$ cat structure.csv   # CSV, C-alpha atoms
chain,number,residue,atom,x,y,z
A,1,MET,CA,-23.7,-35.2,-0.4
A,2,SER,CA,-27.2,-34.6,-1.8
A,3,ARG,CA,-28.3,-36.2,-5.1
A,4,VAL,CA,-28.0,-32.8,-6.9
A,5,GLN,CA,-24.4,-32.3,-5.7
A,6,LEU,CA,-23.6,-35.9,-6.6
A,7,GLY,CA,-25.2,-35.4,-10.0
A,8,ALA,CA,-23.2,-32.3,-10.7
A,9,VAL,CA,-19.9,-33.9,-9.8
A,10,VAL,CA,-20.7,-37.0,-12.0
A,11,MET,CA,-21.8,-34.7,-14.9
A,12,VAL,CA,-18.6,-32.6,-14.7
A,13,LEU,CA,-16.3,-35.6,-14.4
A,14,GLY,CA,-18.1,-37.3,-17.2
A,15,LEU,CA,-17.6,-34.3,-19.5
A,16,ALA,CA,-13.9,-34.1,-18.5
A,17,ALA,CA,-13.5,-37.7,-19.5
A,18,THR,CA,-14.9,-37.3,-23.0
A,19,ALA,CA,-14.0,-33.8,-23.9
A,20,VAL,CA,-12.1,-32.0,-26.8
A,21,ALA,CA,-10.1,-28.5,-26.4
A,22,ASP,CA,-10.1,-24.7,-25.9
A,23,GLU,CA,-9.0,-22.6,-23.0
A,24,ARG,CA,-10.2,-20.0,-20.6
A,25,LYS,CA,-7.8,-19.0,-17.8
A,26,PHE,CA,-10.4,-17.4,-15.5
A,27,THR,CA,-13.9,-18.2,-14.3
A,28,TYR,CA,-15.0,-14.7,-13.2
A,29,SER,CA,-13.2,-12.7,-15.8
A,30,TYR,CA,-13.6,-13.0,-19.6
A,31,GLU,CA,-10.6,-12.6,-21.9
A,32,SER,CA,-10.6,-11.1,-25.4
A,33,LYS,CA,-11.3,-14.4,-27.0
A,34,VAL,CA,-13.8,-15.5,-29.5
A,35,LEU,CA,-14.2,-18.8,-31.5
A,36,PRO,CA,-12.9,-19.1,-35.0
A,37,GLN,CA,-15.7,-18.8,-37.7
A,38,GLY,CA,-17.8,-21.9,-38.0
A,39,THR,CA,-16.6,-23.7,-34.8
A,40,TRP,CA,-18.7,-24.8,-31.8
A,41,GLU,CA,-17.9,-25.1,-28.1
A,42,PHE,CA,-19.8,-26.4,-25.2
A,43,GLU,CA,-19.2,-25.1,-21.7
A,44,GLN,CA,-20.6,-26.5,-18.4
A,45,TRP,CA,-20.5,-24.2,-15.4
A,46,ALA,CA,-21.0,-25.0,-11.8
A,47,THR,CA,-20.9,-22.4,-9.1
A,48,LEU,CA,-21.2,-23.1,-5.3
A,49,LYS,CA,-22.0,-20.2,-3.0
A,50,THR,CA,-21.9,-21.0,0.7
A,51,ARG,CA,-21.5,-19.8,4.3
A,52,VAL,CA,-23.5,-17.0,5.9
A,53,GLU,CA,-23.3,-15.5,9.4
A,54,GLN,CA,-25.6,-18.0,11.0
A,55,GLY,CA,-27.4,-21.1,9.8
A,56,HIS,CA,-26.6,-23.0,6.7
A,57,VAL,CA,-27.0,-21.7,3.1
A,58,GLN,CA,-25.8,-23.6,0.0
A,59,VAL,CA,-26.6,-22.4,-3.5
A,60,TRP,CA,-25.5,-24.3,-6.6
A,61,GLN,CA,-25.8,-22.5,-9.9
A,62,PHE,CA,-25.5,-24.4,-13.1
A,63,ARG,CA,-25.1,-23.2,-16.7
A,64,GLU,CA,-25.0,-25.2,-19.9
A,65,GLU,CA,-23.7,-23.0,-22.7
A,66,ILE,CA,-23.3,-23.6,-26.4
A,67,GLU,CA,-21.2,-21.2,-28.4
A,68,TYR,CA,-20.8,-20.6,-32.1
A,69,GLY,CA,-18.2,-18.5,-34.0
A,70,LEU,CA,-20.3,-16.5,-36.5
A,71,THR,CA,-17.2,-14.7,-37.9
A,72,ASP,CA,-13.6,-14.7,-36.7
A,73,ARG,CA,-14.5,-11.7,-34.5
A,74,LEU,CA,-18.1,-12.3,-33.5
A,75,THR,CA,-19.3,-15.2,-31.3
A,76,THR,CA,-22.8,-15.9,-30.0
A,77,ALA,CA,-23.9,-18.2,-27.3
A,78,LEU,CA,-27.1,-19.6,-25.9
A,79,TYR,CA,-27.3,-20.9,-22.4
A,80,LEU,CA,-29.6,-22.3,-19.7
A,81,ASN,CA,-29.3,-21.2,-16.1
A,82,TRP,CA,-30.7,-23.2,-13.2
A,83,GLU,CA,-30.2,-23.2,-9.5
A,84,TYR,CA,-30.4,-25.5,-6.5
A,85,GLU,CA,-30.8,-23.7,-3.1
A,86,ALA,CA,-30.7,-25.2,0.4
A,87,ILE,CA,-31.4,-23.0,3.5
A,88,ARG,CA,-31.4,-24.3,7.1
A,89,GLY,CA,-31.4,-22.5,10.4
A,90,VAL,CA,-31.4,-18.9,9.1
A,91,ASN,CA,-33.4,-16.5,11.3
A,92,GLY,CA,-36.6,-15.3,9.7
A,93,VAL,CA,-36.3,-17.6,6.7
A,94,GLU,CA,-38.1,-20.9,6.4
A,95,ASN,CA,-36.0,-24.0,6.0
A,96,GLU,CA,-36.2,-25.1,2.4
A,97,HIS,CA,-34.4,-26.7,-0.5
A,98,GLU,CA,-35.5,-26.4,-4.1
A,99,ILE,CA,-34.2,-26.7,-7.6
A,100,GLU,CA,-35.4,-24.1,-10.1
A,101,PHE,CA,-34.9,-23.2,-13.7
A,102,GLU,CA,-34.0,-19.6,-13.8
A,103,THR,CA,-33.4,-18.1,-17.3
A,104,VAL,CA,-32.4,-18.6,-20.9
A,105,SER,CA,-29.6,-16.3,-22.0
A,106,SER,CA,-28.3,-15.0,-25.3
A,107,GLU,CA,-24.7,-13.8,-25.3
A,108,TRP,CA,-22.8,-11.8,-28.0
A,109,LYS,CA,-19.1,-11.2,-28.0
A,110,TYR,CA,-17.2,-9.0,-30.4
A,111,LYS,CA,-13.4,-9.0,-30.4
A,112,VAL,CA,-11.8,-5.6,-31.3
A,113,LEU,CA,-8.2,-6.2,-30.4
A,114,ASP,CA,-6.1,-9.4,-29.6
A,115,ALA,CA,-4.2,-9.8,-26.3
A,116,ALA,CA,-1.0,-11.1,-27.9
A,117,ALA,CA,-1.1,-9.4,-31.4
A,118,ASP,CA,-2.1,-5.9,-30.2
A,119,PRO,CA,-0.9,-3.7,-27.3
A,120,VAL,CA,-3.9,-4.7,-25.4
A,121,GLY,CA,-6.8,-7.1,-26.0
A,122,LEU,CA,-10.3,-5.6,-26.1
A,123,LEU,CA,-13.7,-7.4,-26.3
A,124,LEU,CA,-17.2,-6.1,-26.1
A,125,TYR,CA,-19.8,-8.3,-24.5
A,126,ALA,CA,-23.6,-8.1,-24.2
A,127,GLU,CA,-26.1,-10.5,-22.7
A,128,VAL,CA,-29.8,-10.7,-22.3
A,129,ALA,CA,-31.4,-13.3,-20.0
A,130,VAL,CA,-35.1,-14.0,-19.8
A,131,GLY,CA,-37.1,-16.1,-17.3
A,132,SER,CA,-40.6,-16.3,-16.0
A,133,GLU,CA,-39.6,-14.4,-12.8
A,134,GLU,CA,-36.4,-12.7,-13.8
A,135,GLN,CA,-35.0,-10.7,-16.7
A,136,GLU,CA,-31.4,-9.4,-17.0
A,137,LEU,CA,-29.3,-7.2,-19.2
A,138,GLU,CA,-25.5,-7.3,-18.9
A,139,PHE,CA,-22.7,-5.4,-20.6
A,140,LYS,CA,-19.0,-6.0,-20.3
A,141,LEU,CA,-15.9,-4.1,-21.4
A,142,ILE,CA,-13.1,-6.7,-21.4
A,143,LEU,CA,-9.4,-5.8,-21.4
A,144,ASP,CA,-6.5,-8.3,-21.2
A,145,LYS,CA,-2.9,-8.8,-22.1
A,146,GLN,CA,-0.5,-11.7,-22.6
A,147,ILE,CA,3.0,-11.0,-21.4
A,148,GLY,CA,5.1,-14.1,-22.0
A,149,PRO,CA,3.6,-16.8,-19.8
A,150,ILE,CA,1.5,-14.3,-17.9
A,151,ARG,CA,-2.1,-13.4,-18.7
A,152,ILE,CA,-3.8,-10.4,-17.1
A,153,ALA,CA,-7.5,-9.6,-17.5
A,154,TYR,CA,-9.8,-6.8,-16.3
A,155,ASN,CA,-13.6,-6.7,-16.8
A,156,TYR,CA,-15.9,-3.7,-16.2
A,157,ILE,CA,-19.5,-5.1,-15.9
A,158,VAL,CA,-22.8,-3.3,-15.7
A,159,GLU,CA,-26.0,-5.3,-14.9
A,160,PHE,CA,-29.6,-4.4,-14.9
A,161,GLU,CA,-32.1,-6.9,-13.4
A,162,ARG,CA,-35.9,-7.1,-13.0
A,163,GLU,CA,-37.2,-9.7,-10.6
A,164,GLU,CA,-40.7,-10.7,-9.6
A,165,GLU,CA,-41.1,-10.6,-5.8
A,166,GLU,CA,-44.0,-11.6,-3.7
A,167,GLU,CA,-45.2,-8.7,-1.4
A,168,PRO,CA,-46.5,-9.4,2.2
A,169,ASN,CA,-50.1,-9.0,0.9
A,170,GLY,CA,-49.5,-11.8,-1.6
A,171,GLU,CA,-49.3,-9.6,-4.7
A,172,LYS,CA,-46.4,-9.9,-7.0
A,173,GLU,CA,-44.4,-7.0,-8.1
A,174,TRP,CA,-41.4,-6.5,-10.4
A,175,GLU,CA,-38.4,-5.1,-8.5
A,176,LYS,CA,-35.5,-3.4,-10.3
A,177,GLU,CA,-31.9,-3.9,-9.3
A,178,SER,CA,-28.6,-2.9,-10.8
A,179,ALA,CA,-24.9,-3.6,-10.2
A,180,VAL,CA,-21.4,-2.7,-11.2
A,181,LEU,CA,-18.6,-5.2,-11.0
A,182,HIS,CA,-14.9,-4.9,-11.5
A,183,THR,CA,-13.1,-8.2,-12.0
A,184,PHE,CA,-9.4,-8.9,-12.1
A,185,GLY,CA,-7.4,-12.0,-13.0
A,186,VAL,CA,-3.7,-12.9,-13.4
A,187,SER,CA,-2.6,-16.3,-14.6
A,188,TYR,CA,0.8,-17.9,-15.0
A,189,GLN,CA,1.2,-20.6,-17.6
A,190,ALA,CA,3.5,-23.2,-16.0
A,191,ASN,CA,3.5,-25.5,-19.0
A,192,ALA,CA,1.4,-26.3,-22.1
A,193,ASN,CA,-1.3,-28.0,-20.0
A,194,PHE,CA,-1.3,-26.2,-16.7
A,195,ALA,CA,-1.7,-22.6,-15.4
A,196,VAL,CA,-2.1,-21.2,-11.9
A,197,GLY,CA,-3.3,-17.7,-10.9
A,198,ALA,CA,-5.6,-15.5,-8.8
A,199,GLU,CA,-8.9,-13.8,-9.3
A,200,ALA,CA,-10.8,-11.0,-7.6
A,201,PHE,CA,-13.9,-8.9,-8.0
A,202,PHE,CA,-15.7,-5.9,-6.5
A,203,HIS,CA,-19.5,-6.2,-6.5
A,204,GLN,CA,-21.4,-3.0,-6.0
A,205,ALA,CA,-25.2,-3.5,-5.9
A,206,PHE,CA,-27.9,-0.8,-6.2
A,207,GLU,CA,-31.6,-0.6,-5.6
A,208,GLY,CA,-33.4,0.4,-8.8
A,209,THR,CA,-31.3,1.7,-11.6
A,210,PHE,CA,-28.2,2.9,-9.6
A,211,LYS,CA,-30.5,4.7,-7.1
A,212,GLU,CA,-29.2,3.7,-3.7
A,213,GLN,CA,-26.2,1.4,-3.0
A,214,GLU,CA,-27.2,-1.8,-1.3
A,215,HIS,CA,-23.7,-3.2,-0.7
A,216,LEU,CA,-20.1,-3.2,-1.8
A,217,ALA,CA,-18.3,-6.5,-1.5
A,218,PHE,CA,-14.8,-7.8,-2.4
A,219,PHE,CA,-13.9,-11.4,-3.2
A,220,VAL,CA,-10.4,-12.8,-3.9
A,221,GLY,CA,-8.8,-16.2,-4.2
A,222,PRO,CA,-6.7,-18.6,-6.2
A,223,ASN,CA,-7.5,-20.5,-9.5
A,224,ILE,CA,-6.0,-23.3,-11.6
A,225,HIS,CA,-6.5,-24.1,-15.2
A,226,VAL,CA,-5.8,-27.4,-17.0
A,227,ALA,CA,-6.0,-28.1,-20.7
A,228,THR,CA,-5.3,-31.2,-22.9
A,229,HIS,CA,-6.2,-32.2,-26.4
A,230,GLY,CA,-10.0,-31.8,-26.6
A,231,TRP,CA,-10.9,-30.1,-23.3
A,232,TRP,CA,-10.0,-27.6,-20.6
A,233,ALA,CA,-11.2,-26.9,-17.1
A,234,THR,CA,-10.7,-23.9,-14.8
A,235,LEU,CA,-11.5,-23.8,-11.0
A,236,THR,CA,-11.6,-20.7,-8.8
A,237,VAL,CA,-12.1,-20.5,-5.1
A,238,LEU,CA,-13.0,-17.1,-3.8
A,239,ARG,CA,-13.4,-15.8,-0.2
A,240,GLN,CA,-15.2,-12.5,0.6
A,241,MET,CA,-12.8,-10.2,2.3
A,242,ASP,CA,-13.1,-7.4,4.8
A,243,ARG,CA,-12.3,-4.2,2.8
A,244,GLY,CA,-10.4,-2.8,5.7
A,245,ASP,CA,-12.5,0.3,6.3
A,246,ASP,CA,-14.5,-1.0,9.3
A,247,SER,CA,-17.0,-2.5,6.9
A,248,GLU,CA,-18.4,-5.9,7.6
A,249,LEU,CA,-18.8,-8.8,5.2
A,250,VAL,CA,-21.9,-8.7,3.1
A,251,LEU,CA,-23.8,-11.8,4.0
A,252,ASP,CA,-27.3,-10.7,3.0
A,253,GLY,CA,-27.7,-11.8,-0.6
A,254,LEU,CA,-24.0,-12.8,-0.8
A,255,THR,CA,-22.0,-15.6,0.9
A,256,LYS,CA,-18.6,-15.9,2.4
A,257,TYR,CA,-17.3,-18.3,-0.2
A,258,GLU,CA,-17.8,-18.8,-4.0
A,259,VAL,CA,-16.3,-21.7,-5.9
A,260,ARG,CA,-16.7,-21.9,-9.7
A,261,LEU,CA,-15.7,-24.7,-12.1
A,262,ILE,CA,-16.0,-24.3,-15.9
A,263,VAL,CA,-15.3,-27.2,-18.3
A,264,GLY,CA,-15.1,-26.5,-22.0
A,265,ILE,CA,-15.3,-28.8,-25.0
A,266,ASN,CA,-14.7,-28.0,-28.6
A,267,PHE,CA,-16.3,-29.9,-31.4
B,1,MET,CA,-7.0,3.2,-4.5
B,2,ARG,CA,-9.0,1.1,-7.0
B,3,ARG,CA,-8.8,3.9,-9.6
B,4,VAL,CA,-5.1,4.3,-9.2
B,5,LEU,CA,-4.6,0.5,-9.6
B,6,LEU,CA,-6.8,0.5,-12.7
B,7,VAL,CA,-5.0,3.4,-14.3
B,8,LEU,CA,-1.6,1.9,-13.5
B,9,GLY,CA,-2.8,-1.5,-14.9
B,10,LEU,CA,-4.1,0.0,-18.1
B,11,ALA,CA,-0.9,2.1,-18.6
B,12,GLY,CA,1.2,-1.1,-18.1
B,13,LEU,CA,-0.9,-3.1,-20.5
B,14,ALA,CA,-0.9,-0.3,-23.1
B,15,GLY,CA,2.9,-0.1,-22.8
B,16,CYS,CA,3.4,-3.7,-23.7
B,17,ALA,CA,4.6,-4.4,-27.3
B,18,THR,CA,3.0,-7.1,-29.4
B,19,ILE,CA,4.8,-10.4,-29.7
B,20,ILE,CA,3.3,-11.0,-33.2
B,21,PRO,CA,5.3,-8.8,-35.5
B,22,GLU,CA,3.7,-6.8,-38.3
B,23,PRO,CA,5.1,-7.7,-41.7
B,24,THR,CA,7.6,-5.2,-43.1
B,25,MET,CA,8.7,-4.6,-46.7
B,26,GLU,CA,12.1,-5.9,-45.7
B,27,MET,CA,10.5,-9.2,-44.5
B,28,ALA,CA,8.8,-9.4,-47.9
B,29,GLY,CA,12.0,-8.8,-49.8
B,30,GLY,CA,10.8,-5.5,-51.1
B,31,ASP,CA,7.9,-7.1,-53.0
B,32,ALA,CA,4.5,-5.4,-52.5
B,33,GLY,CA,2.6,-8.5,-53.4
B,34,ALA,CA,4.5,-10.6,-51.0
B,35,TYR,CA,4.0,-7.9,-48.3
B,36,GLU,CA,0.2,-8.1,-48.8
B,37,ALA,CA,0.4,-11.9,-48.6
B,38,LEU,CA,2.3,-11.7,-45.3
B,39,ARG,CA,-0.3,-9.3,-43.9
B,40,ALA,CA,-3.0,-11.8,-44.8
B,41,GLY,CA,-1.0,-14.6,-43.2
B,42,ARG,CA,-0.7,-12.6,-39.9
B,43,GLY,CA,-4.5,-12.0,-40.1
B,44,VAL,CA,-5.1,-15.7,-40.3
B,45,TYR,CA,-2.7,-16.3,-37.3
B,46,VAL,CA,-4.4,-13.6,-35.2
B,47,ASN,CA,-8.0,-14.4,-36.1
B,48,LYS,CA,-8.1,-18.1,-36.5
B,49,CYS,CA,-5.6,-19.4,-34.0
B,50,SER,CA,-6.2,-17.1,-31.0
B,51,GLY,CA,-9.8,-18.4,-30.6
B,52,CYS,CA,-8.5,-21.7,-29.2
B,53,HIS,CA,-5.1,-20.9,-27.6
B,54,THR,CA,-2.8,-18.0,-26.7
B,55,LEU,CA,-0.7,-16.9,-29.6
B,56,ILE,CA,3.0,-17.5,-29.3
B,57,ALA,CA,5.8,-15.5,-30.9
B,58,PRO,CA,6.7,-16.8,-34.4
B,59,GLU,CA,10.4,-16.9,-33.4
B,60,ARG,CA,9.7,-19.8,-31.0
B,61,HIS,CA,9.6,-22.3,-33.8
B,62,SER,CA,11.7,-23.0,-36.9
B,63,ASP,CA,10.0,-23.3,-40.3
B,64,GLY,CA,9.8,-27.1,-40.0
B,65,GLU,CA,8.4,-27.0,-36.5
B,66,TRP,CA,5.7,-24.5,-37.6
B,67,ARG,CA,4.7,-26.7,-40.5
B,68,LYS,CA,4.3,-29.6,-38.2
B,69,GLU,CA,2.4,-27.6,-35.6
B,70,VAL,CA,-0.1,-26.3,-38.2
B,71,GLU,CA,-0.6,-29.7,-39.8
B,72,GLU,CA,-1.2,-31.1,-36.3
B,73,MET,CA,-3.8,-28.4,-35.5
B,74,ILE,CA,-5.6,-29.2,-38.7
B,75,ALA,CA,-5.5,-32.9,-38.1
B,76,LYS,CA,-6.3,-33.1,-34.4
B,77,LYS,CA,-8.3,-30.0,-33.5
B,78,LYS,CA,-10.1,-29.7,-36.8
B,79,VAL,CA,-9.2,-26.1,-37.4
B,80,LYS,CA,-11.0,-25.0,-40.5
B,81,LEU,CA,-8.2,-23.7,-42.7
B,82,GLY,CA,-8.5,-23.7,-46.5
B,83,PRO,CA,-5.3,-24.5,-48.5
B,84,GLU,CA,-4.9,-20.7,-49.3
B,85,ASP,CA,-5.1,-19.7,-45.6
B,86,ARG,CA,-2.8,-22.5,-44.6
B,87,GLU,CA,-0.1,-21.5,-47.0
B,88,SER,CA,-0.6,-17.8,-46.2
B,89,LEU,CA,-0.2,-18.6,-42.5
B,90,LEU,CA,2.9,-20.7,-43.0
B,91,ARG,CA,4.5,-18.0,-45.2
B,92,TYR,CA,3.9,-15.4,-42.5
B,93,LEU,CA,5.3,-17.6,-39.7
B,94,SER,CA,8.3,-18.5,-41.8
B,95,ALA,CA,9.1,-14.9,-42.6
B,96,ALA,CA,8.4,-13.6,-39.1
B,97,ASN,CA,10.4,-16.2,-37.2
B,98,GLY,CA,13.8,-15.2,-38.6
B,99,ARG,CA,14.8,-18.8,-38.8
B,100,ASP,CA,15.1,-21.6,-41.4

$ encode --input "structure.csv" --output "C-alpha cells"
Amino acid sequence: MSRVQLGAVVMVLGLAATAVADERKFTYSYESKVLPQGTWEFEQWATLKTRVEQGHVQVWQFREEIEYGLTDRLTTALYLNWEYEAIRGVNGVENEHEIEFETVSSEWKYKVLDAAADPVGLLLYAEVAVGSEEQELEFKLILDKQIGPIRIAYNYIVEFEREEEEEPNGEKEWEKESAVLHTFGVSYQANANFAVGAEAFFHQAFEGTFKEQEHLAFFVGPNIHVATHGWWATLTVLRQMDRGDDSELVLDGLTKYEVRLIVGINF
Amino acid sequence: MRRVLLVLGLAGLAGCATIIPEPTMEMAGGDAGAYEALRAGRGVYVNKCSGCHTLIAPERHSDGEWRKEVEEMIAKKKVKLGPEDRESLLRYLSAANGRD
C-alpha cells in the first residue's frame, strides 16, 4: 500500500471516529436533500478507479467538501478535487505516478419537492469547477422517492468540460468534451443505522459539445450505508458490465471497477 | 429499454402517495387559525427535518414519543428550531398522528 493510499485510509478512519450526523444513501446518485438553514456539513470523498485491459492503472480521486444551508431549500457547497494516478505496463503510455490538484468547485442545490412529503422528490443541481488545466460545468435533475424503508433515486446529468491537452508539437490546446449520465439507486433501510442497496449508471461521452459519441458504458454494483449520532458513511462498489449488444467494455478513459466512499459530518 | 424503464419508474414514483399528511380542517377542529398553524407545523417538519434524515409518518409515534424525539434532536443534533417552530412542529405531529 502506497503512502497516498495509507494516508487516505487513515484520514477516512480518523473522520469516522470523530464525526457527527447526516445521511446520504448513495454515492453516485444524489437525493432531493438539502441542509436546514444555517447548518454546515463536511464531506470527505474517496473514489478508486482500477483495472484496464492490460497493465496496471490505479486512480484515486479525493474531494473535501464543505456545505452550508442558505435557506431550508437552497444549499451551496465549495470543494477541492485532487487526484493520484499510477500507471504501469500500459502499451504506449509511460509508467508514471503523480498526485495533482485538479479543480475548485462551487455547487448549488435547490429542493423543489420532498421525497417523503410529496409524490416525488425533485432537486435541481448546478456545479462549476475551475482549475488551471480543466474547467467543468455540470447540471443535474434529481428525482427520488421514499416508500416505507425503500429509497429510490434517479439522476439525469449533463456535463460540459474543457481540458488543456498537449499536442505532439508541444503546443497546448483546450479540448472540449461533454457527457450525459443516467444514475439509478435503490436502498433498503434495514434499521435506524444501516441500509443496503444497489447503484448503477450509464455514461455516454461525446467529443466536443455532443458532436460524436466517444463511448457508452454501464456500471452496476452494491452499496452499504451506516449512520450513527454525528456521522454517516456510504460505500459503493461498481463493476463495468457488458451491455449485451456485442459491445466491449470501455477501458480507454474508464476502468473496470469503481469504488467510492463518502463520509459526512454535521456541525 | 432504458426509456421504458425510466417511464415506468417515474410513473411508479408519481403514483406513490405522501406519508406526511396535509392538515385538514377536521384535523384542526374546524378552526381556520389552527388549520394555518398545522400547515406551518408541517412546513417545519418537511423543511427542517428532511435535511438530516428521512421523514417518517407521524402515526409512527405517540404525542409523548414525538415530544421526546424533538427534544432529543434539539439537544443532540443541534437542530436550530426556535420556540415557535418547535411548538408548531409538535402541534402538527400530534394532530397528524391520530394518537394521544

$ residues_around --input "structure.csv" --residues "B:Glu71" --least-positions-apart "2" --cutoff "12 Å" --atoms "all atoms listed in the file" --output "JSON, numbers by chain"
{"B": [64, 65, 66, 67, 68, 69, 73, 74, 75, 76, 77, 78, 79, 80, 81, 82, 83, 86, 87, 89, 90]}

$ interface_residues --input "structure.csv" --of "chain A" --to "chain B" --cutoff "7 Å" --atoms "all atoms listed in the file" --output "ChimeraX atom specification"
/A:22-23,33-36,72,116-120,145

$ residues_near_point --input "structure.csv" --point "(-32.3, -26.2, 0.2)" --cutoff "8 Å" --atoms "all atoms listed in the file" --output "list of chain:residue names"
A:Val57, A:Gln58, A:Val59, A:Tyr84, A:Glu85, A:Ala86, A:Ile87, A:Arg88, A:Asn95, A:Glu96, A:His97, A:Glu98

$ write_last_selection --input "structure.csv" --atoms "C-alpha atoms" --output "compact mmCIF listing (two decimals), in the coordinates of the input"
# COMPACT_ATOMS: atom_id res chain seq x y z
CA VAL A 57 -27.00 -21.70 3.10
CA GLN A 58 -25.80 -23.60 0.00
CA VAL A 59 -26.60 -22.40 -3.50
CA TYR A 84 -30.40 -25.50 -6.50
CA GLU A 85 -30.80 -23.70 -3.10
CA ALA A 86 -30.70 -25.20 0.40
CA ILE A 87 -31.40 -23.00 3.50
CA ARG A 88 -31.40 -24.30 7.10
CA ASN A 95 -36.00 -24.00 6.00
CA GLU A 96 -36.20 -25.10 2.40
CA HIS A 97 -34.40 -26.70 -0.50
CA GLU A 98 -35.50 -26.40 -4.10

$ atom_distance --input "structure.csv" --atom1 "atom CA of B:Pro23" --atom2 "atom CA of A:Lys111"
21.7 Å

$ atom_distance --input "structure.csv" --atom1 "atom CA of A:Asp114" --atom2 "atom CA of A:Thr76"
17.9 Å

$ residues_around --input "structure.csv" --residues "stretch 197-213 of chain A" --least-positions-apart "3" --cutoff "8 Å" --atoms "only C-alpha atoms" --output "list in words"
Phe26, Tyr28, Ser29, Phe160, Glu175, Lys176, Glu177, Ser178, Ala179, Val180, Leu181, His182, Thr183, Phe184, Gly185, Val186, Ser187, Tyr188, Leu216, Ala217, Phe218, Phe219, Val220, Gly221, Pro222, Asn223, Ile224, Thr236 and Leu238 of chain A

$ atom_distance --input "structure.csv" --atom1 "atom CA of A:Arg260" --atom2 "atom CA of A:Tyr30"
13.7 Å

$ residues_around --input "structure.csv" --residues "A:Gln37" --least-positions-apart "3" --cutoff "8 Å" --atoms "only C-alpha atoms" --output "list of chain:residue names"
A:Tyr68, A:Gly69, A:Leu70, A:Thr71, A:Asp72, A:Arg73, B:Lys48

$ write_last_selection --input "structure.csv" --atoms "C-alpha atoms" --output "mmCIF file, in the coordinates of the input"
data_model
loop_
_atom_site.group_PDB
_atom_site.id
_atom_site.type_symbol
_atom_site.label_atom_id
_atom_site.label_comp_id
_atom_site.auth_asym_id
_atom_site.auth_seq_id
_atom_site.Cartn_x
_atom_site.Cartn_y
_atom_site.Cartn_z
ATOM 1 C CA TYR A 68 -20.800 -20.600 -32.100
ATOM 2 C CA GLY A 69 -18.200 -18.500 -34.000
ATOM 3 C CA LEU A 70 -20.300 -16.500 -36.500
ATOM 4 C CA THR A 71 -17.200 -14.700 -37.900
ATOM 5 C CA ASP A 72 -13.600 -14.700 -36.700
ATOM 6 C CA ARG A 73 -14.500 -11.700 -34.500
ATOM 7 C CA LYS B 48 -8.100 -18.100 -36.500
#

$ residues_near_point --input "structure.csv" --point "(8.7, -17.9, -40.3)" --cutoff "10 Å" --atoms "all atoms listed in the file" --output "VMD selection string"
chain B and resid 27 58 to 67 89 to 100

$ decode --input "structure.csv" --residues "stretch 60-105 of chain A" --atoms "C-alpha atoms" --output "short mmCIF file (atom, residue, chain, number, x, y, z; two decimals), in the first residue's frame"
data_model
loop_
_atom_site.label_atom_id
_atom_site.label_comp_id
_atom_site.auth_asym_id
_atom_site.auth_seq_id
_atom_site.Cartn_x
_atom_site.Cartn_y
_atom_site.Cartn_z
CA TRP A 60 -7.58 7.78 -6.55
CA GLN A 61 -9.82 10.82 -6.60
CA PHE A 62 -10.35 12.81 -3.43
CA ARG A 63 -12.79 15.57 -2.60
CA GLU A 64 -13.13 17.69 0.51
CA GLU A 65 -16.49 19.39 0.55
CA ILE A 66 -18.00 21.95 2.88
CA GLU A 67 -21.75 22.57 2.58
CA TYR A 68 -23.94 25.29 4.03
CA GLY A 69 -27.74 25.63 4.12
CA LEU A 70 -28.52 29.16 2.88
CA THR A 71 -32.26 28.58 3.25
CA ASP A 72 -34.31 25.46 4.00
CA ARG A 73 -34.45 24.82 0.25
CA LEU A 74 -31.13 26.17 -1.05
CA THR A 75 -27.73 24.70 -0.18
CA THR A 76 -24.36 25.73 -1.50
CA ALA A 77 -21.02 23.94 -1.29
CA LEU A 78 -17.39 24.55 -2.05
CA TYR A 79 -14.98 21.72 -2.65
CA LEU A 80 -11.48 20.79 -3.62
CA ASN A 81 -10.74 17.99 -6.11
CA TRP A 82 -7.41 16.26 -6.33
CA GLU A 83 -6.15 13.05 -7.85
CA TYR A 84 -3.43 10.45 -7.51
CA GLU A 85 -2.70 8.39 -10.62
CA ALA A 86 -0.39 5.37 -11.03
CA ILE A 87 0.17 3.78 -14.45
CA ARG A 88 2.41 0.78 -15.06
CA GLY A 89 2.83 -1.52 -18.06
CA VAL A 90 0.23 0.07 -20.34
CA ASN A 91 1.23 -0.01 -24.03
CA GLY A 92 2.06 3.39 -25.46
CA VAL A 93 1.90 5.11 -22.09
CA GLU A 94 4.90 5.96 -19.94
CA ASN A 95 4.99 4.43 -16.48
CA GLU A 96 4.22 7.21 -14.04
CA HIS A 97 2.65 8.10 -10.75
CA GLU A 98 1.67 11.59 -9.74
CA ILE A 99 -0.52 13.49 -7.38
CA GLU A 100 -2.23 16.54 -8.76
CA PHE A 101 -4.61 19.24 -7.58
CA GLU A 102 -7.43 19.36 -10.15
CA THR A 103 -10.15 21.93 -9.53
CA VAL A 104 -12.11 24.02 -7.06
CA SER A 105 -15.88 23.55 -7.40
#
